[in-house]
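K.L.:
First the structure, then my questions, so here it is.
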2 protein chains.
Amino acid sequence: MKENGAKERILNAAGELFYEQGYLATGINQIIEEAGIAKASLYQHFPSKDALLTAYLHRTRLHNHELRTQFLNKLAPGKDKLMGLYEYRLQHMQSNHFKGCAFIRIAYELPGLSDEAMAQIRTHSQTIRTFITEQLLVIRKNFPENELEEMADMLLNLYEGAGLQGYILKSPKPMEDTKKVVARLLDTL
Amino acid sequence: MKENGAKERILNAAGELFYEQGYLATGINQIIEEAGIAKASLYQHFPSKDALLTAYLHRTRLHNHELRTQFLNKLAPGKDKLMGLYEYRLQHMQSNHFKGCAFIRIAYELPGLSDEAMAQIRTHSQTIRTFITEQLLVIRKNFPENELEEMADMLLNLYEGAGLQGYILKSPKPMEDTKKVVARLLDTL
DNA sequence: GTCTATATATTGATAGAC
DNA sequence: GTCTATCAATATATAGAC
């Protein structure tokens, strides 16, 4: 991430503020102040605040994916790697003070989200689900198709449910408990 | 719900708009127009928009609880009633066009929620969890304490996770699939 | 491409008449 | 208690000089 360049500074400032405060609560004025540029410069690079949101979601998706993949690549495929997903989320929740998933935050804040923005959110969710499915196939190579899908959905629901409970309670406990349950569940396969 | 009375009309209008559009996207002007009252009349009954939000959450919690309880009271305690929780959420998701849980929406939209507002959201979540625990105890009266808690957490996570996936995909499928999985899970107890 | 200055609309909230 | 009229602040966005 090169620190110079107006566009980069805008994206960095907007990204932090959108995640910290939410999209609607963040004003253009606050973004340009944080980025240290003039208002007209922002509109030179982005035609509207909405376009800035779409860019934020795209950028965050790629960034989060890279960080997560870096963490998971250190683990052996199969159970270790799959458990790593929950461990990574747990660490992420604690390091960002339980501010929740950036995509879910935006999806719930803005009911009338553009198709383009919604696509970023769905792609993120799909990425997690695909990862789960892949690791399940490593654990049990001859998984019957319907059982595989069912188990993947269940693990995804537990993942998201625990994330939500942790957010509401501002506590790591739901994710910690879920990790244990999932670990035992995987041993029965 | 008496239709006359300024306060009632304000709460009805604000409730619908907050849920439909979100809190920040809803302006005071829109609320008073919908309610058919003057701006100063709103501030006669509520000192600030924030106070109106707290009242909205409290009122919605009681209202939702009553509707849900009415539905569940028709079912036999135990597995039937517990499955009714998922069925009710499924019907709710479809009838409101997948606009999501009012409490989770607010919790994600406003990271710096007041303690009073946050308490309403936590109480709602706790109410669902207590209901699940009670029905589990009907299904298996001698449930060991730690296993009971673990199963309740798991069922709550599946409930919330499926709700979230359904919201993202605007589809009943995640909740339908989860219903089936939970039904089979309860048979193993 | 970046700036200053400005435009227009809307925000949450109040004063004061009735 | 309900109203009209108005407040200061802020919202997103643009015009035009450099």
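Going through the structure tokens in order, the chains are called A, B, and so on, while each chain numbers its residues from 1 and the ligands are numbered from 1 in the order shown.
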When the cut-off is 12 Å and we count only C-alpha atoms (C1' of nucleotides), which residues of chain A are near chain D, given as a list in words?
P.N.:
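That gives the following set of residues: Leu24, Ala25, Thr26, Gly27, Ile28, Asn29, Gln30, Lys39, Ala40, Ser41, Leu42, Tyr43, Gln44, Phe46, Pro47, Ser48, Lys49 and Asp50 of chain A.
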K.L.:
For chain C against chain A, which residues fall within 12 Å using only C-alpha atoms (C1' of nucleotides), given as JSON, numbers by chain?
P.N.:
{"C": [1, 2, 3, 4, 5]}
K.L.:
Write to file, as a PDB file, in the first residue's frame, the residues of the selection just made, with N, CA and C atoms (P, O5', C5', C4', C3', O3' and C1' of nucleotides).
P.N.:
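Output below, filename selection17.pdb:
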```pdb
ATOM      1  P    DG C   1      -3.616  12.187 -13.117  1.00  0.00           P
ATOM      2  O5'  DG C   1      -3.996  13.141 -11.934  1.00  0.00           O
ATOM      3  C5'  DG C   1      -4.546  14.479 -12.147  1.00  0.00           C
ATOM      4  C4'  DG C   1      -4.076  15.283 -10.976  1.00  0.00           C
ATOM      5  C3'  DG C   1      -4.947  15.080  -9.751  1.00  0.00           C
ATOM      6  O3'  DG C   1      -4.169  15.483  -8.631  1.00  0.00           O
ATOM      7  C1'  DG C   1      -5.253  17.252 -10.543  1.00  0.00           C
ATOM      8  P    DT C   2      -4.424  14.809  -7.212  1.00  0.00           P
ATOM      9  O5'  DT C   2      -4.550  16.063  -6.239  1.00  0.00           O
ATOM     10  C5'  DT C   2      -3.507  17.031  -6.220  1.00  0.00           C
ATOM     11  C4'  DT C   2      -4.063  18.393  -5.896  1.00  0.00           C
ATOM     12  C3'  DT C   2      -5.103  18.433  -4.768  1.00  0.00           C
ATOM     13  O3'  DT C   2      -4.521  18.973  -3.584  1.00  0.00           O
ATOM     14  C1'  DT C   2      -5.626  19.924  -6.568  1.00  0.00           C
ATOM     15  P    DC C   3      -5.475  19.284  -2.294  1.00  0.00           P
ATOM     16  O5'  DC C   3      -6.011  20.775  -2.556  1.00  0.00           O
ATOM     17  C5'  DC C   3      -5.142  21.882  -2.342  1.00  0.00           C
ATOM     18  C4'  DC C   3      -5.748  23.152  -2.912  1.00  0.00           C
ATOM     19  C3'  DC C   3      -6.952  23.698  -2.167  1.00  0.00           C
ATOM     20  O3'  DC C   3      -6.514  24.554  -1.117  1.00  0.00           O
ATOM     21  C1'  DC C   3      -7.279  23.798  -4.554  1.00  0.00           C
ATOM     22  P    DT C   4      -7.541  24.897   0.065  1.00  0.00           P
ATOM     23  O5'  DT C   4      -8.386  26.127  -0.515  1.00  0.00           O
ATOM     24  C5'  DT C   4      -7.735  27.266  -1.071  1.00  0.00           C
ATOM     25  C4'  DT C   4      -8.771  28.263  -1.576  1.00  0.00           C
ATOM     26  C3'  DT C   4      -9.820  28.680  -0.540  1.00  0.00           C
ATOM     27  O3'  DT C   4     -10.127  30.061  -0.716  1.00  0.00           O
ATOM     28  C1'  DT C   4     -10.903  27.647  -2.376  1.00  0.00           C
ATOM     29  P    DA C   5     -11.128  30.788   0.349  1.00  0.00           P
ATOM     30  O5'  DA C   5     -12.501  30.805  -0.466  1.00  0.00           O
ATOM     31  C5'  DA C   5     -12.509  31.134  -1.851  1.00  0.00           C
ATOM     32  C4'  DA C   5     -13.912  30.947  -2.409  1.00  0.00           C
ATOM     33  C3'  DA C   5     -15.035  31.268  -1.409  1.00  0.00           C
ATOM     34  O3'  DA C   5     -15.978  32.127  -2.016  1.00  0.00           O
ATOM     35  C1'  DA C   5     -15.341  29.092  -2.304  1.00  0.00           C
TER      36       DA C   5
END
```
K.L.:
Please report as a count of residues only which residues of chain B come no farther than 8 Å from chain A, using only C-alpha atoms.
P.N.:
36
K.L.:
Report as a PyMOL selection string all protein, DNA and RNA residues lying within 8 Å of Leu136 (chain A), evaluated on only C-alpha atoms (C1' of nucleotides), omitting residues in the same chain fewer than 2 positions from it.
P.N.:
chain A and resi 78-79+82+132-134+138-141+148+152
K.L.:
Would you mind writing down, as a VMD selection string, each residue of chain A that DSSP on the backbone assigns to helix (DSSP H, G or I)?
P.N.:
chain A and resid 6 to 21 28 to 35 39 to 45 49 to 72 79 to 95 102 to 109 115 to 139 145 to 169 173 to 187
K.L.:
Please provide the set of residues having any atom within 12 Å of Asp80 (chain A), restricted to only C-alpha atoms (C1' of nucleotides), with same-chain residues fewer than 2 positions apart removed, written as a list in words.
P.N.:
Phe71, Leu72, Asn73, Lys74, Leu75, Ala76, Pro77, Gly78, Leu82, Met83, Gly84, Leu85, Tyr86, Glu87, Tyr88, Ile132, Gln135, Leu136, Val138, Ile139, Lys179, Val182, Ala183, Leu186 and Asp187 of chain A
K.L.:
For CA of His58 (chain A) and CA of Arg9 (chain A), quote the distance in Å rounded to one decimal.
P.N.:
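These atoms are spaced 16.0 Å apart.
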K.L.:
What gap, in Å, lies between CA of Ala14 (chain A) and CA of Ala35 (chain A)?
P.N.:
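Interatomic distance here is 8.2 Å.
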K.L.:
So the first atom is CA of Thr123 (chain B) and the second is CA of Glu147 (chain B); what is the distance between them in Å, to one decimal place?
P.N.:
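Rounded to one decimal, the two atoms are 23.0 Å apart.
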